[in-house]
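Participant: What follows is my_file30.tsv; its format and atoms are TSV, C-alpha atoms.
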chain	number	residue	atom	x	y	z
A	1	MET	CA	0.00	0.00	0.00
A	2	ILE	CA	1.33	3.46	-0.92
A	3	ILE	CA	0.86	5.80	2.04
A	4	GLY	CA	2.09	9.14	0.74
A	5	LEU	CA	4.60	11.14	-1.25
A	6	HIS	CA	8.06	11.34	0.30
A	7	HIS	CA	9.98	13.52	-2.16
A	8	VAL	CA	10.27	14.64	-5.77
A	9	GLN	CA	13.50	15.07	-7.73
A	10	ILE	CA	14.24	17.54	-10.48
A	11	THR	CA	17.60	18.10	-12.11
A	12	ILE	CA	19.83	20.98	-13.07
A	13	PRO	CA	23.08	20.84	-15.07
A	14	ASN	CA	26.23	19.60	-13.35
A	15	GLY	CA	28.00	22.45	-11.58
A	16	ALA	CA	24.92	24.74	-11.46
A	17	GLU	CA	24.21	24.33	-7.74
A	18	GLU	CA	24.92	27.95	-6.78
A	19	GLU	CA	22.62	29.29	-9.52
A	20	GLY	CA	20.05	26.72	-8.40
A	21	ARG	CA	20.30	27.88	-4.80
A	22	ARG	CA	19.90	31.52	-5.90
A	23	PHE	CA	16.68	30.67	-7.72
A	24	TYR	CA	15.10	28.08	-5.44
A	25	CYS	CA	16.31	29.27	-2.03
A	26	HIS	CA	16.60	33.04	-2.49
A	27	ILE	CA	14.00	33.93	-5.14
A	28	LEU	CA	11.39	31.27	-4.30
A	29	GLY	CA	12.35	31.36	-0.61
A	30	LEU	CA	12.49	27.59	-0.12
A	31	PRO	CA	14.83	26.49	2.69
A	32	GLU	CA	17.73	24.22	1.90
A	33	ILE	CA	17.97	21.09	4.03
A	34	GLU	CA	21.09	19.06	4.63
A	35	LYS	CA	21.66	15.98	2.53
A	36	PRO	CA	22.85	12.81	4.27
A	37	ASP	CA	26.63	12.50	4.34
A	38	SER	CA	26.42	9.41	2.12
A	39	LEU	CA	24.88	11.50	-0.71
A	40	LYS	CA	26.80	14.78	-0.43
A	41	GLY	CA	29.39	13.78	-3.04
A	42	ARG	CA	26.78	13.29	-5.76
A	43	GLY	CA	26.12	16.99	-6.39
A	44	GLY	CA	22.89	18.91	-6.12
A	45	PHE	CA	21.03	19.99	-2.99
A	46	TRP	CA	17.73	19.44	-1.23
A	47	ILE	CA	14.98	21.91	-0.31
A	48	LYS	CA	11.91	21.73	1.90
A	49	VAL	CA	8.45	22.52	0.50
A	50	GLY	CA	5.85	22.38	3.26
A	51	ASN	CA	6.29	18.95	4.80
A	52	LYS	CA	7.87	17.42	1.67
A	53	ASP	CA	11.35	17.45	0.19
A	54	VAL	CA	12.44	18.34	-3.31
A	55	HIS	CA	15.78	16.85	-4.30
A	56	ILE	CA	17.58	18.96	-6.86
A	57	GLY	CA	20.05	16.64	-8.51
A	58	THR	CA	22.55	17.27	-11.27
A	59	GLU	CA	22.37	15.80	-14.75
A	60	ASP	CA	23.86	16.69	-18.11
A	61	GLY	CA	22.79	15.60	-21.59
A	62	PHE	CA	19.08	16.20	-21.02
A	63	ASN	CA	16.99	18.91	-22.70
A	64	ARG	CA	14.55	20.06	-20.03
A	65	LEU	CA	12.73	22.31	-22.52
A	66	HIS	CA	11.30	19.28	-24.35
A	67	THR	CA	9.37	17.62	-21.55
A	68	LYS	CA	5.96	17.98	-19.97
A	69	ALA	CA	7.37	16.67	-16.70
A	70	HIS	CA	7.00	19.32	-14.02
A	71	ILE	CA	6.61	20.17	-10.39
A	72	ALA	CA	3.67	22.23	-9.12
A	73	TYR	CA	3.96	24.47	-6.06
A	74	GLU	CA	0.71	25.30	-4.29
A	75	VAL	CA	0.67	28.97	-3.30
A	76	GLU	CA	-1.58	31.33	-1.35
A	77	ASP	CA	-1.21	34.37	-3.65
A	78	ILE	CA	-0.76	33.46	-7.30
A	79	SER	CA	-0.66	37.12	-8.39
A	80	TYR	CA	2.33	37.76	-6.13
A	81	TRP	CA	4.29	34.93	-7.76
A	82	LYS	CA	3.27	35.87	-11.29
A	83	ASN	CA	4.48	39.45	-10.71
A	84	THR	CA	7.63	38.47	-8.81
A	85	LEU	CA	8.77	36.04	-11.49
A	86	ALA	CA	7.88	38.37	-14.36
A	87	ASP	CA	9.84	41.18	-12.64
A	88	ILE	CA	13.04	39.10	-12.80
A	89	GLY	CA	12.52	38.24	-16.46
A	90	ILE	CA	10.85	34.84	-16.20
A	91	SER	CA	8.38	34.26	-19.05
A	92	ILE	CA	4.94	33.45	-17.66
A	93	LEU	CA	2.89	30.89	-19.59
A	94	ASP	CA	-0.85	30.52	-19.14
A	95	SER	CA	-2.04	27.05	-18.22
A	96	VAL	CA	-5.13	25.27	-19.45
A	97	PRO	CA	-7.85	26.16	-16.92
A	98	ILE	CA	-8.99	23.51	-14.44
A	99	PRO	CA	-11.95	23.85	-12.06
A	100	ASN	CA	-11.32	25.39	-8.62
A	101	PHE	CA	-7.76	26.52	-9.33
A	102	LYS	CA	-5.83	29.48	-10.73
A	103	ARG	CA	-2.48	28.50	-12.19
A	104	PHE	CA	0.36	29.42	-14.50
A	105	GLU	CA	3.55	27.83	-15.72
A	106	PHE	CA	7.11	28.93	-16.34
A	107	ARG	CA	10.51	27.43	-17.00
A	108	ASP	CA	13.14	27.74	-14.28
A	109	PRO	CA	16.61	29.04	-15.26
A	110	PHE	CA	17.55	25.47	-16.25
A	111	GLY	CA	14.51	24.75	-18.44
A	112	ASN	CA	12.52	22.72	-15.90
A	113	ARG	CA	8.77	23.21	-16.28
A	114	VAL	CA	7.26	24.63	-13.08
A	115	GLU	CA	3.64	25.31	-12.21
A	116	MET	CA	2.28	27.65	-9.56
A	117	ILE	CA	-1.25	26.74	-8.49
A	118	GLN	CA	-3.76	28.30	-6.07
A	119	ARG	CA	-7.09	26.94	-4.87
A	120	VAL	CA	-10.03	29.30	-5.38
Please express the file's structure as structure tokens.

Facilitator:
Amino acid sequence: MIIGLHHVQITIPNGAEEEGRRFYCHILGLPEIEKPDSLKGRGGFWIKVGNKDVHIGTEDGFNRLHTKAHIAYEVEDISYWKNTLADIGISILDSVPIPNFKRFEFRDPFGNRVEMIQRV
């Protein structure tokens, strides 16, 4: 029996950890959490989103712009995030409407598809 979601992993290019931390920790405000010692040599970093973890690993040879795979962050104020991201030059993409939610998409600095979603 599956009892829940433990973590999600996305990837950024090898060696891009500092740029990743700037975006995910400083711009999005997500706290970095310490990786176990046994995994520290593999690159990347981990962040906390609510009570879940997002593992940001490193991977080369993959075109992130050609995938529908994505992570969706649930937010309280979708307008704040749309404006904040647009102000730093992130292109905002409208999402197909779904009942009871406002949402939009964008690509992070590494090409990963990201969705911001708010219950209405």

Participant: Give the answer as one residue: which of A:Met116, A:Ile10, A:Leu85, A:Ile98 has the shortest atom-to-atom distance to Ile27 (chain A), using all atoms listed in the file?

Facilitator: A:Leu85

Participant: Name the residues in contact with Val75 (chain A) at a cut-off of 9 Å, using only C-alpha atoms, excluding same-chain residues fewer than 3 positions from it; report them as a VMD selection string.

Facilitator: chain A and resid 78 81 116 to 119

Participant: Pick from A:Glu32, A:Glu105, A:Asp53, A:Glu19: nearest to Ala69 (chain A), with all atoms listed in the file counted?

Facilitator: A:Glu105

Participant: Between A:Asp60, A:Tyr73, A:Gly20, A:Phe106, which one has atoms that come closest to Gly89 (chain A), using all atoms listed in the file?

Facilitator: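 So, comparing all the options, the nearest one is A:Phe106.
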
Participant: Using CA of Asn14 (chain A) and CA of Val114 (chain A) as the two end points, give the distance in Å to one decimal.

Facilitator: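 Computed distance, CA of Asn14 (chain A) to CA of Val114 (chain A), equals 19.6 Å.
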
Participant: Which neighbours of region 39-48 of chain A fall inside 12 Å, counting only C-alpha atoms, when residues of the same chain fewer than 5 positions from it are skipped, and could you give them as a ChimeraX atom specification?

Facilitator: /A:6-26,28-34,53-60,73

Participant: May I ask for the distance between CA of Asn112 (chain A) and CA of Asn100 (chain A), given in Å to one decimal place?

Facilitator: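 Separation of CA of Asn112 (chain A) and CA of Asn100 (chain A): 25.1 Å.
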
Participant: Here is a test: counting all atoms listed in the file, which residue of A:Arg64, A:Arg113, A:Lys35, A:Arg107 is nearest to Ala86 (chain A)?

Facilitator: A:Arg107

Participant: Hey, can you check how far CA of Lys52 (chain A) sits from CA of Leu5 (chain A)?

Facilitator: 7.7 Å

Participant: Could the centre and edge lengths of an axis-aligned box, enclosing all atoms of region 20-36 of chain A in the file with 5 Å extra on each side, be given in Å to one decimal as lines of an AutoDock Vina configuration file?

Facilitator:
center_x = 17.1
center_y = 23.4
center_z = -1.9
size_x = 21.5
size_y = 31.1
size_z = 23.0

Participant: Would you mind telling me which residue in A:Gly61, A:Asp94, A:Ile3, A:Pro109 lies nearest to Lys82 (chain A) when using all atoms listed in the file?

Facilitator: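 Nearest candidate to Lys82 (chain A) out of A:Gly61, A:Asp94, A:Ile3, A:Pro109: A:Asp94.
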
Participant: Would you fill the gaps in region 104-115 of chain A so it has all heavy atoms, then print it as an mmCIF file, in the frame of the given file?

Facilitator:
data_model
loop_
_atom_site.group_PDB
_atom_site.id
_atom_site.type_symbol
_atom_site.label_atom_id
_atom_site.label_comp_id
_atom_site.auth_asym_id
_atom_site.auth_seq_id
_atom_site.Cartn_x
_atom_site.Cartn_y
_atom_site.Cartn_z
ATOM 1 N N PHE A 104 -0.468 29.040 -13.364
ATOM 2 C CA PHE A 104 0.360 29.420 -14.500
ATOM 3 C C PHE A 104 1.607 28.569 -14.482
ATOM 4 O O PHE A 104 1.906 27.903 -13.487
ATOM 5 C CB PHE A 104 0.683 30.924 -14.504
ATOM 6 C CG PHE A 104 1.614 31.364 -13.416
ATOM 7 C CD1 PHE A 104 2.991 31.337 -13.590
ATOM 8 C CD2 PHE A 104 1.124 31.833 -12.205
ATOM 9 C CE1 PHE A 104 3.859 31.748 -12.589
ATOM 10 C CE2 PHE A 104 1.978 32.257 -11.192
ATOM 11 C CZ PHE A 104 3.347 32.215 -11.384
ATOM 12 N N GLU A 105 2.325 28.608 -15.592
ATOM 13 C CA GLU A 105 3.550 27.830 -15.720
ATOM 14 C C GLU A 105 4.701 28.743 -16.113
ATOM 15 O O GLU A 105 4.493 29.840 -16.634
ATOM 16 C CB GLU A 105 3.399 26.765 -16.806
ATOM 17 C CG GLU A 105 2.317 25.762 -16.533
ATOM 18 C CD GLU A 105 2.108 24.805 -17.697
ATOM 19 O OE1 GLU A 105 2.932 24.784 -18.640
ATOM 20 O OE2 GLU A 105 1.103 24.083 -17.659
ATOM 21 N N PHE A 106 5.897 28.262 -15.876
ATOM 22 C CA PHE A 106 7.110 28.930 -16.340
ATOM 23 C C PHE A 106 8.214 27.889 -16.399
ATOM 24 O O PHE A 106 8.036 26.756 -15.957
ATOM 25 C CB PHE A 106 7.491 30.106 -15.422
ATOM 26 C CG PHE A 106 7.873 29.712 -14.018
ATOM 27 C CD1 PHE A 106 9.196 29.505 -13.662
ATOM 28 C CD2 PHE A 106 6.898 29.567 -13.039
ATOM 29 C CE1 PHE A 106 9.552 29.153 -12.370
ATOM 30 C CE2 PHE A 106 7.238 29.216 -11.737
ATOM 31 C CZ PHE A 106 8.567 29.010 -11.400
ATOM 32 N N ARG A 107 9.321 28.268 -16.985
ATOM 33 C CA ARG A 107 10.510 27.430 -17.000
ATOM 34 C C ARG A 107 11.536 28.051 -16.051
ATOM 35 O O ARG A 107 11.776 29.261 -16.102
ATOM 36 C CB ARG A 107 11.100 27.322 -18.410
ATOM 37 C CG ARG A 107 10.206 26.620 -19.406
ATOM 38 C CD ARG A 107 10.235 25.123 -19.216
ATOM 39 N NE ARG A 107 9.310 24.445 -20.126
ATOM 40 C CZ ARG A 107 9.345 23.148 -20.345
ATOM 41 N NH1 ARG A 107 10.244 22.382 -19.745
ATOM 42 N NH2 ARG A 107 8.467 22.581 -21.151
ATOM 43 N N ASP A 108 12.107 27.222 -15.175
ATOM 44 C CA ASP A 108 13.140 27.740 -14.280
ATOM 45 C C ASP A 108 14.387 28.076 -15.096
ATOM 46 O O ASP A 108 14.415 27.834 -16.314
ATOM 47 C CB ASP A 108 13.393 26.777 -13.110
ATOM 48 C CG ASP A 108 14.185 25.530 -13.478
ATOM 49 O OD1 ASP A 108 14.656 25.388 -14.622
ATOM 50 O OD2 ASP A 108 14.333 24.665 -12.592
ATOM 51 N N PRO A 109 15.428 28.655 -14.484
ATOM 52 C CA PRO A 109 16.610 29.040 -15.260
ATOM 53 C C PRO A 109 17.303 27.875 -15.973
ATOM 54 O O PRO A 109 18.161 28.090 -16.826
ATOM 55 C CB PRO A 109 17.534 29.661 -14.209
ATOM 56 C CG PRO A 109 16.622 30.159 -13.151
ATOM 57 C CD PRO A 109 15.495 29.150 -13.100
ATOM 58 N N PHE A 110 16.917 26.641 -15.659
ATOM 59 C CA PHE A 110 17.550 25.470 -16.250
ATOM 60 C C PHE A 110 16.651 24.776 -17.267
ATOM 61 O O PHE A 110 17.019 23.764 -17.833
ATOM 62 C CB PHE A 110 17.928 24.492 -15.132
ATOM 63 C CG PHE A 110 18.598 25.203 -13.993
ATOM 64 C CD1 PHE A 110 17.880 25.545 -12.865
ATOM 65 C CD2 PHE A 110 19.919 25.601 -14.082
ATOM 66 C CE1 PHE A 110 18.476 26.251 -11.823
ATOM 67 C CE2 PHE A 110 20.529 26.300 -13.059
ATOM 68 C CZ PHE A 110 19.805 26.633 -11.928
ATOM 69 N N GLY A 111 15.442 25.320 -17.469
ATOM 70 C CA GLY A 111 14.510 24.750 -18.440
ATOM 71 C C GLY A 111 13.456 23.843 -17.842
ATOM 72 O O GLY A 111 12.566 23.384 -18.552
ATOM 73 N N ASN A 112 13.542 23.551 -16.533
ATOM 74 C CA ASN A 112 12.520 22.720 -15.900
ATOM 75 C C ASN A 112 11.173 23.411 -15.931
ATOM 76 O O ASN A 112 11.066 24.604 -15.658
ATOM 77 C CB ASN A 112 12.873 22.423 -14.433
ATOM 78 C CG ASN A 112 14.060 21.512 -14.296
ATOM 79 O OD1 ASN A 112 14.048 20.389 -14.777
ATOM 80 N ND2 ASN A 112 15.100 22.006 -13.644
ATOM 81 N N ARG A 113 10.132 22.673 -16.284
ATOM 82 C CA ARG A 113 8.770 23.210 -16.280
ATOM 83 C C ARG A 113 8.271 23.259 -14.834
ATOM 84 O O ARG A 113 8.408 22.285 -14.078
ATOM 85 C CB ARG A 113 7.875 22.292 -17.109
ATOM 86 C CG ARG A 113 6.457 22.770 -17.249
ATOM 87 C CD ARG A 113 5.707 21.858 -18.214
ATOM 88 N NE ARG A 113 4.284 22.053 -18.097
ATOM 89 C CZ ARG A 113 3.391 21.103 -18.198
ATOM 90 N NH1 ARG A 113 3.762 19.857 -18.416
ATOM 91 N NH2 ARG A 113 2.118 21.374 -18.079
ATOM 92 N N VAL A 114 7.747 24.412 -14.443
ATOM 93 C CA VAL A 114 7.260 24.630 -13.080
ATOM 94 C C VAL A 114 5.867 25.208 -13.167
ATOM 95 O O VAL A 114 5.585 26.057 -14.012
ATOM 96 C CB VAL A 114 8.181 25.591 -12.293
ATOM 97 C CG1 VAL A 114 7.675 25.794 -10.871
ATOM 98 C CG2 VAL A 114 9.628 25.095 -12.297
ATOM 99 N N GLU A 115 4.994 24.772 -12.281
ATOM 100 C CA GLU A 115 3.640 25.310 -12.210
ATOM 101 C C GLU A 115 3.425 25.907 -10.825
ATOM 102 O O GLU A 115 3.866 25.368 -9.825
ATOM 103 C CB GLU A 115 2.637 24.159 -12.430
ATOM 104 C CG GLU A 115 1.184 24.575 -12.363
ATOM 105 C CD GLU A 115 0.238 23.417 -12.599
ATOM 106 O OE1 GLU A 115 0.661 22.405 -13.194
ATOM 107 O OE2 GLU A 115 -0.927 23.531 -12.178
#
